[in-house]
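Have a look at work-v7.pdb; it's PDB, C-alpha atoms:
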MODEL        1
ATOM      1  CA  HIS M 463       0.000   0.000   0.000  1.00  0.00           C
ATOM      2  CA  LYS M 464       1.061   3.579  -0.566  1.00  0.00           C
ATOM      3  CA  ARG M 465      -0.793   4.990   2.483  1.00  0.00           C
ATOM      4  CA  GLY M 466      -1.806   3.781   5.925  1.00  0.00           C
ATOM      5  CA  VAL M 467      -3.613   0.467   6.316  1.00  0.00           C
ATOM      6  CA  TRP M 468      -6.966   0.866   8.095  1.00  0.00           C
ATOM      7  CA  THR M 469      -8.254  -2.689   8.149  1.00  0.00           C
ATOM      8  CA  VAL M 470      -7.181  -6.323   7.764  1.00  0.00           C
ATOM      9  CA  GLU M 471      -9.074  -9.606   7.820  1.00  0.00           C
ATOM     10  CA  PHE M 472      -8.131 -13.247   7.380  1.00  0.00           C
ATOM     11  CA  SER M 473      -9.987 -15.346   4.837  1.00  0.00           C
ATOM     12  CA  PRO M 474     -12.267 -17.964   6.395  1.00  0.00           C
ATOM     13  CA  VAL M 475     -11.191 -20.563   3.806  1.00  0.00           C
ATOM     14  CA  ASP M 476      -7.855 -19.643   2.185  1.00  0.00           C
ATOM     15  CA  ARG M 477      -4.406 -18.867   3.556  1.00  0.00           C
ATOM     16  CA  VAL M 478      -4.694 -15.162   2.676  1.00  0.00           C
ATOM     17  CA  VAL M 479      -5.311 -11.875   4.425  1.00  0.00           C
ATOM     18  CA  CYS M 480      -7.135  -8.874   2.991  1.00  0.00           C
ATOM     19  CA  SER M 481      -6.217  -5.256   3.708  1.00  0.00           C
ATOM     20  CA  GLY M 482      -7.820  -1.883   3.038  1.00  0.00           C
ATOM     21  CA  SER M 483      -5.908   1.364   2.914  1.00  0.00           C
ATOM     22  CA  GLY M 484      -5.928   5.118   2.735  1.00  0.00           C
ATOM     23  CA  ASP M 485      -4.650   4.721  -0.832  1.00  0.00           C
ATOM     24  CA  GLU M 486      -8.245   3.691  -1.792  1.00  0.00           C
ATOM     25  CA  THR M 487      -7.247   0.095  -2.609  1.00  0.00           C
ATOM     26  CA  ILE M 488      -7.954  -3.355  -1.228  1.00  0.00           C
ATOM     27  CA  LYS M 489      -5.255  -6.005  -1.454  1.00  0.00           C
ATOM     28  CA  ILE M 490      -5.226  -9.739  -0.875  1.00  0.00           C
ATOM     29  CA  TRP M 491      -1.934 -11.068   0.464  1.00  0.00           C
ATOM     30  CA  SER M 492      -0.543 -14.580   0.773  1.00  0.00           C
ATOM     31  CA  VAL M 493       0.214 -15.521   4.388  1.00  0.00           C
ATOM     32  CA  GLU M 494       2.756 -18.103   3.244  1.00  0.00           C
ATOM     33  CA  ALA M 495       6.220 -17.349   1.911  1.00  0.00           C
ATOM     34  CA  PRO M 496       6.975 -15.318  -0.152  1.00  0.00           C
ATOM     35  CA  PHE M 497       4.184 -13.193   1.438  1.00  0.00           C
ATOM     36  CA  GLN M 498       3.219 -11.379  -1.770  1.00  0.00           C
ATOM     37  CA  CYS M 499       0.228  -9.391  -2.988  1.00  0.00           C
ATOM     38  CA  LEU M 500      -2.068 -11.697  -4.969  1.00  0.00           C
ATOM     39  CA  ARG M 501      -4.790  -9.246  -6.028  1.00  0.00           C
ATOM     40  CA  THR M 502      -5.514  -5.524  -5.905  1.00  0.00           C
ATOM     41  CA  PHE M 503      -9.034  -4.120  -6.037  1.00  0.00           C
ATOM     42  CA  GLN M 504      -9.484  -0.526  -7.180  1.00  0.00           C
ATOM     43  CA  GLY M 505     -12.698   1.454  -7.319  1.00  0.00           C
ATOM     44  CA  HIS M 506     -13.114   3.335  -4.066  1.00  0.00           C
ATOM     45  CA  THR M 507     -12.711   7.109  -4.261  1.00  0.00           C
ATOM     46  CA  ALA M 508     -11.842   7.495  -0.568  1.00  0.00           C
ATOM     47  CA  SER M 509      -9.913   5.593   2.105  1.00  0.00           C
ATOM     48  CA  VAL M 510     -11.019   1.994   2.590  1.00  0.00           C
ATOM     49  CA  THR M 511     -12.027   1.769   6.246  1.00  0.00           C
ATOM     50  CA  ARG M 512     -13.211  -1.849   6.546  1.00  0.00           C
ATOM     51  CA  VAL M 513     -13.112  -5.122   4.580  1.00  0.00           C
ATOM     52  CA  SER M 514     -14.834  -8.428   5.229  1.00  0.00           C
ATOM     53  CA  PHE M 515     -14.947 -11.777   3.449  1.00  0.00           C
ATOM     54  CA  LEU M 516     -18.437 -13.031   2.526  1.00  0.00           C
ATOM     55  CA  ASN M 517     -20.002 -16.148   0.989  1.00  0.00           C
ATOM     56  CA  ALA M 518     -17.353 -18.636   2.072  1.00  0.00           C
ATOM     57  CA  GLY M 519     -14.528 -16.352   1.021  1.00  0.00           C
ATOM     58  CA  THR M 520     -15.696 -15.849  -2.582  1.00  0.00           C
ATOM     59  CA  GLN M 521     -16.668 -12.190  -2.136  1.00  0.00           C
ATOM     60  CA  LEU M 522     -15.461  -9.118  -0.285  1.00  0.00           C
ATOM     61  CA  MET M 523     -17.491  -6.319   1.250  1.00  0.00           C
ATOM     62  CA  SER M 524     -15.694  -3.024   1.791  1.00  0.00           C
ATOM     63  CA  THR M 525     -16.567   0.359   3.247  1.00  0.00           C
ATOM     64  CA  SER M 526     -14.923   3.721   2.808  1.00  0.00           C
ATOM     65  CA  SER M 527     -14.557   7.119   4.387  1.00  0.00           C
ATOM     66  CA  ASP M 528     -17.008   8.676   1.911  1.00  0.00           C
ATOM     67  CA  GLY M 529     -19.851   6.452   3.145  1.00  0.00           C
ATOM     68  CA  GLU M 530     -19.812   3.969   0.278  1.00  0.00           C
ATOM     69  CA  MET M 531     -20.057   0.213   0.610  1.00  0.00           C
ATOM     70  CA  LYS M 532     -18.947  -2.077  -2.214  1.00  0.00           C
ATOM     71  CA  LEU M 533     -19.395  -5.777  -2.943  1.00  0.00           C
ATOM     72  CA  TRP M 534     -16.544  -7.422  -4.856  1.00  0.00           C
ATOM     73  CA  THR M 535     -16.219 -10.815  -6.480  1.00  0.00           C
ATOM     74  CA  ILE M 536     -12.746 -12.138  -5.769  1.00  0.00           C
ATOM     75  CA  LYS M 537     -12.484 -14.534  -8.714  1.00  0.00           C
ATOM     76  CA  LEU M 538     -13.305 -11.825 -11.295  1.00  0.00           C
ATOM     77  CA  ASN M 539     -11.515  -9.079  -9.344  1.00  0.00           C
ATOM     78  CA  GLU M 540     -14.377  -6.612  -9.884  1.00  0.00           C
ATOM     79  CA  CYS M 541     -16.973  -4.587  -8.029  1.00  0.00           C
ATOM     80  CA  ILE M 542     -20.449  -6.024  -8.576  1.00  0.00           C
ATOM     81  CA  ASN M 543     -22.461  -3.517  -6.520  1.00  0.00           C
ATOM     82  CA  THR M 544     -22.062  -0.165  -4.776  1.00  0.00           C
ATOM     83  CA  TRP M 545     -24.275   1.422  -2.133  1.00  0.00           C
ATOM     84  CA  SER M 546     -23.893   5.054  -1.115  1.00  0.00           C
ATOM     85  CA  GLU M 547     -26.903   5.284   1.178  1.00  0.00           C
ATOM     86  CA  PRO M 548     -28.041   5.436   3.959  1.00  0.00           C
ATOM     87  CA  HIS M 549     -24.724   6.502   5.540  1.00  0.00           C
ATOM     88  CA  GLU M 550     -23.940  10.155   4.940  1.00  0.00           C
ATOM     89  CA  ASP M 551     -20.333  10.106   6.124  1.00  0.00           C
ATOM     90  CA  LYS M 552     -17.487   7.750   7.001  1.00  0.00           C
ATOM     91  CA  ILE M 553     -18.310   4.112   7.691  1.00  0.00           C
ATOM     92  CA  TRP M 554     -16.030   3.076  10.521  1.00  0.00           C
ATOM     93  CA  ALA M 555     -17.400  -0.333  11.474  1.00  0.00           C
ATOM     94  CA  MET M 556     -18.671  -3.398   9.631  1.00  0.00           C
ATOM     95  CA  GLU M 557     -19.379  -6.943  10.711  1.00  0.00           C
ATOM     96  CA  SER M 558     -21.000  -9.807   8.815  1.00  0.00           C
ATOM     97  CA  VAL M 559     -22.675 -13.064   9.778  1.00  0.00           C
ATOM     98  CA  ASP M 560     -24.634 -15.403   7.502  1.00  0.00           C
ATOM     99  CA  ASP M 561     -26.827 -13.202   5.228  1.00  0.00           C
ATOM    100  CA  TYR M 562     -26.449 -10.064   7.362  1.00  0.00           C
ATOM    101  CA  VAL M 563     -24.006  -7.170   7.334  1.00  0.00           C
ATOM    102  CA  ALA M 564     -24.092  -4.441   9.967  1.00  0.00           C
ATOM    103  CA  THR M 565     -22.354  -1.100   9.422  1.00  0.00           C
ATOM    104  CA  GLY M 566     -21.750   1.832  11.750  1.00  0.00           C
ATOM    105  CA  GLY M 567     -20.718   5.290  10.746  1.00  0.00           C
ATOM    106  CA  GLU M 568     -19.706   8.749  11.777  1.00  0.00           C
ATOM    107  CA  ASP M 569     -23.336   9.756  11.205  1.00  0.00           C
ATOM    108  CA  ALA M 570     -24.169   7.879  14.463  1.00  0.00           C
ATOM    109  CA  MET M 571     -26.201   5.258  12.593  1.00  0.00           C
ATOM    110  CA  VAL M 572     -26.039   1.476  12.723  1.00  0.00           C
ATOM    111  CA  VAL M 573     -27.475  -0.059   9.547  1.00  0.00           C
ATOM    112  CA  LEU M 574     -28.435  -3.709   9.108  1.00  0.00           C
ATOM    113  CA  TRP M 575     -28.138  -5.013   5.544  1.00  0.00           C
ATOM    114  CA  ILE M 576     -29.779  -8.272   4.479  1.00  0.00           C
ATOM    115  CA  ASP M 577     -28.655 -10.315   1.465  1.00  0.00           C
ATOM    116  CA  ALA M 578     -31.738 -10.449  -0.751  1.00  0.00           C
ATOM    117  CA  THR M 579     -30.040 -12.157  -3.716  1.00  0.00           C
ATOM    118  CA  GLU M 580     -32.264 -15.231  -3.632  1.00  0.00           C
ATOM    119  CA  GLU M 581     -35.451 -13.156  -3.367  1.00  0.00           C
ATOM    120  CA  GLU M 582     -34.355 -10.884  -6.228  1.00  0.00           C
ATOM    121  CA  GLU M 583     -33.513 -13.886  -8.419  1.00  0.00           C
ATOM    122  CA  GLU M 584     -36.906 -15.446  -7.651  1.00  0.00           C
ATOM    123  CA  GLU M 585     -38.651 -12.163  -8.486  1.00  0.00           C
ATOM    124  CA  GLU M 586     -36.748 -11.965 -11.791  1.00  0.00           C
ATOM    125  CA  ARG M 587     -37.669 -15.572 -12.584  1.00  0.00           C
ATOM    126  CA  MET M 588     -41.338 -14.815 -11.875  1.00  0.00           C
ATOM    127  CA  LYS M 589     -41.200 -11.761 -14.193  1.00  0.00           C
ATOM    128  CA  ARG M 590     -39.704 -13.851 -17.003  1.00  0.00           C
ATOM    129  CA  GLU M 591     -42.343 -16.535 -16.485  1.00  0.00           C
ATOM    130  CA  HIS M 592     -45.111 -13.908 -16.550  1.00  0.00           C
ATOM    131  CA  THR M 593     -43.714 -12.444 -19.786  1.00  0.00           C
ATOM    132  CA  LEU M 594     -43.529 -15.896 -21.403  1.00  0.00           C
ATOM    133  CA  LEU M 595     -47.151 -16.588 -20.472  1.00  0.00           C
ATOM    134  CA  LYS M 596     -48.263 -13.231 -21.907  1.00  0.00           C
ATOM    135  CA  GLU M 597     -46.305 -13.887 -25.126  1.00  0.00           C
ATOM    136  CA  GLN M 598     -47.950 -17.306 -25.450  1.00  0.00           C
ATOM    137  CA  GLU M 599     -51.344 -15.710 -24.833  1.00  0.00           C
ATOM    138  CA  MET M 600     -50.600 -13.178 -27.600  1.00  0.00           C
ATOM    139  CA  ARG M 601     -49.645 -15.955 -30.039  1.00  0.00           C
ATOM    140  CA  ASN M 602     -52.856 -17.813 -29.162  1.00  0.00           C
ATOM    141  CA  SER M 603     -54.860 -14.618 -29.759  1.00  0.00           C
ATOM    142  CA  LEU M 604     -53.239 -14.196 -33.172  1.00  0.00           C
ATOM    143  CA  ARG M 605     -54.062 -17.790 -34.115  1.00  0.00           C
ATOM    144  CA  SER M 606     -57.682 -17.359 -33.060  1.00  0.00           C
ATOM    145  CA  ARG M 607     -57.799 -13.947 -34.828  1.00  0.00           C
ATOM    146  CA  ASP M 608     -58.728 -12.117 -31.641  1.00  0.00           C
ATOM    147  CA  TRP M 609     -57.092  -8.908 -32.899  1.00  0.00           C
ATOM    148  CA  GLY M 610     -58.184  -6.701 -30.005  1.00  0.00           C
ATOM    149  CA  LYS M 611     -56.639  -8.980 -27.403  1.00  0.00           C
ATOM    150  CA  ALA M 612     -53.490  -9.449 -29.521  1.00  0.00           C
ATOM    151  CA  ILE M 613     -53.078  -5.661 -29.857  1.00  0.00           C
ATOM    152  CA  ARG M 614     -53.584  -5.137 -26.103  1.00  0.00           C
ATOM    153  CA  LEU M 615     -50.996  -7.814 -25.274  1.00  0.00           C
ATOM    154  CA  ALA M 616     -48.472  -6.487 -27.839  1.00  0.00           C
ATOM    155  CA  LEU M 617     -48.810  -3.023 -26.271  1.00  0.00           C
ATOM    156  CA  GLU M 618     -48.488  -4.430 -22.751  1.00  0.00           C
ATOM    157  CA  LEU M 619     -45.365  -6.365 -23.729  1.00  0.00           C
ATOM    158  CA  THR M 620     -43.999  -3.397 -25.729  1.00  0.00           C
ATOM    159  CA  HIS M 621     -43.592  -5.614 -28.793  1.00  0.00           C
ATOM    160  CA  SER M 622     -43.787  -2.819 -31.384  1.00  0.00           C
ATOM    161  CA  ARG M 623     -42.742  -5.022 -34.289  1.00  0.00           C
ATOM    162  CA  GLN M 624     -45.483  -7.543 -33.482  1.00  0.00           C
ATOM    163  CA  LEU M 625     -47.966  -4.666 -33.173  1.00  0.00           C
ATOM    164  CA  TYR M 626     -46.909  -3.412 -36.619  1.00  0.00           C
ATOM    165  CA  LYS M 627     -47.455  -6.920 -38.072  1.00  0.00           C
ATOM    166  CA  ILE M 628     -50.936  -7.112 -36.543  1.00  0.00           C
ATOM    167  CA  PHE M 629     -51.966  -3.874 -38.228  1.00  0.00           C
TER     168      PHE M 629
ENDMDL
END

Could you quickly redo this structure as structure tokens?
Amino acid sequence: HKRGVWTVEFSPVDRVVCSGSGDETIKIWSVEAPFQCLRTFQGHTASVTRVSFLNAGTQLMSTSSDGEMKLWTIKLNECINTWSEPHEDKIWAMESVDDYVATGGEDAMVVLWIDATEEEEEEERMKREHTLLKEQEMRNSLRSRDWGKAIRLALELTHSRQLYKIF
């Protein structure tokens, strides 16, 4: 690191340690000789104040002195999500357990975050299923020459090309 190190954490599964620094980077280091930097994560625009391994060591969560929290995938070495609310200032504390992350900041707030990945994926799956059913209903309406219903469904699905074909 080029500036002071604010946080370190051991991986729960690998022989590595993660560090966050005032130089706005996160680094993963080998704890076995030759003790070298294995990965560097860049993307914060302020000092990294806290890092934590998540999901059996496959992801990192980091916080910074500008109130941002980032989720990183270690394998791809990239940020997959950034949150800049609700903290308005430095995030000094972070702890994770199971699907929960708690953060505490200079704004005197403690925020509990819940991993909603499974719920969001289920919601997305339900939306896709709903769209497929509506598309099938539109095709059935076209076959039965129910033009009014076909037009309504094409508009609802925003299928402009299909709407053009109907007319």

Item to complete: Could you list the residues chosen by the PyMOL selection byres ((chain M and resi 567) around 8) in this structure as a list of chain:residue names?
Response: M:Gly529, M:His549, M:Asp551, M:Lys552, M:Ile553, M:Trp554, M:Ala555, M:Thr565, M:Gly566, M:Glu568, M:Asp569, M:Ala570, M:Met571, M:Val572

Worksheet entry | Result set, the PyMOL selection byres ((chain M and resi 557-561) around 8) on current file, as a PyMOL selection string | chain M and resi 514+516+555-556+562-565+576-577

Item to complete: Determine, counting all atoms listed in the file, which protein, DNA and RNA residues have an atom within 12 Å of an atom of segment 530-541 of chain M; residues of the same chain fewer than 6 positions away are not included. Present the result as a PyMOL selection string.
Response: chain M and resi 473+476+480+486-490+500-524+547-556+563-567+573+575+577

Worksheet item: Expressed in Å to a single decimal, how great is the separation between atom CA of Gly482 of chain M and atom CA of Glu582 of chain M?
Response: 29.5 Å

Around all the atoms of segment 502-514 of chain M listed in the file, with 4 Å of room on each side, what axis-aligned box do you get, giving centre and edge lengths in Å to one decimal, as AutoDock Vina command-line options?
--center_x -10.2 --center_y -0.5 --center_z -0.4 --size_x 17.3 --size_y 23.9 --size_z 21.9

Worksheet item: Taking the file as shown, what set of residues would the PyMOL selection byres ((chain M and resi 470) around 6) give back, as a VMD selection string?
Response: chain M and resid 469 471 480 to 481

Worksheet entry | Spatial neighbours of Trp491 of chain M, 6 Å, all atoms listed in the file, chain gap at least 6 places, as a PyMOL selection string | chain M and resi 478-479+498-500

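When the distance limit is 9 Å and all atoms listed in the file are what count, the residues near Lys464 of chain M, minus those fewer than 6 positions from it on the same chain, are M:Ser483, M:Gly484, M:Asp485.
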
Can I get a file of segment 584-599 of chain M from the given structure, N, CA, C and O atoms kept, as a short mmCIF file (atom, residue, chain, number, x, y, z; two decimals), in the first residue's frame?
data_model
loop_
_atom_site.label_atom_id
_atom_site.label_comp_id
_atom_site.auth_asym_id
_atom_site.auth_seq_id
_atom_site.Cartn_x
_atom_site.Cartn_y
_atom_site.Cartn_z
N GLU M 584 -35.57 -14.85 -7.54
CA GLU M 584 -36.91 -15.45 -7.65
C GLU M 584 -37.88 -14.46 -8.29
O GLU M 584 -38.69 -14.83 -9.14
N GLU M 585 -37.79 -13.20 -7.90
CA GLU M 585 -38.65 -12.16 -8.49
C GLU M 585 -38.39 -12.03 -9.98
O GLU M 585 -39.32 -11.92 -10.79
N GLU M 586 -37.12 -12.06 -10.38
CA GLU M 586 -36.75 -11.96 -11.79
C GLU M 586 -37.26 -13.17 -12.56
O GLU M 586 -37.76 -13.06 -13.68
N ARG M 587 -37.16 -14.36 -11.96
CA ARG M 587 -37.67 -15.57 -12.58
C ARG M 587 -39.19 -15.49 -12.78
O ARG M 587 -39.70 -15.85 -13.84
N MET M 588 -39.88 -14.96 -11.78
CA MET M 588 -41.34 -14.81 -11.87
C MET M 588 -41.72 -13.82 -12.98
O MET M 588 -42.69 -14.05 -13.72
N LYS M 589 -40.95 -12.74 -13.13
CA LYS M 589 -41.20 -11.76 -14.19
C LYS M 589 -41.02 -12.39 -15.57
O LYS M 589 -41.83 -12.17 -16.47
N ARG M 590 -39.95 -13.17 -15.72
CA ARG M 590 -39.70 -13.85 -17.00
C ARG M 590 -40.83 -14.83 -17.32
O ARG M 590 -41.30 -14.90 -18.45
N GLU M 591 -41.25 -15.57 -16.30
CA GLU M 591 -42.34 -16.54 -16.48
C GLU M 591 -43.63 -15.82 -16.87
O GLU M 591 -44.35 -16.27 -17.78
N HIS M 592 -43.92 -14.70 -16.23
CA HIS M 592 -45.11 -13.91 -16.55
C HIS M 592 -45.05 -13.41 -18.00
O HIS M 592 -46.04 -13.48 -18.73
N THR M 593 -43.88 -12.93 -18.42
CA THR M 593 -43.71 -12.44 -19.79
C THR M 593 -43.92 -13.57 -20.79
O THR M 593 -44.60 -13.39 -21.81
N LEU M 594 -43.35 -14.75 -20.50
CA LEU M 594 -43.53 -15.90 -21.40
C LEU M 594 -45.00 -16.28 -21.54
O LEU M 594 -45.49 -16.59 -22.64
N LEU M 595 -45.72 -16.26 -20.43
CA LEU M 595 -47.15 -16.59 -20.47
C LEU M 595 -47.93 -15.57 -21.30
O LEU M 595 -48.81 -15.93 -22.09
N LYS M 596 -47.59 -14.28 -21.13
CA LYS M 596 -48.26 -13.23 -21.91
C LYS M 596 -47.94 -13.37 -23.40
O LYS M 596 -48.80 -13.15 -24.25
N GLU M 597 -46.68 -13.70 -23.72
CA GLU M 597 -46.31 -13.89 -25.13
C GLU M 597 -47.05 -15.07 -25.73
O GLU M 597 -47.51 -15.01 -26.88
N GLN M 598 -47.20 -16.15 -24.97
CA GLN M 598 -47.95 -17.31 -25.45
C GLN M 598 -49.42 -16.94 -25.65
O GLN M 598 -50.05 -17.32 -26.64
N GLU M 599 -49.96 -16.16 -24.72
CA GLU M 599 -51.34 -15.71 -24.83
C GLU M 599 -51.53 -14.84 -26.08
O GLU M 599 -52.53 -14.96 -26.79
#
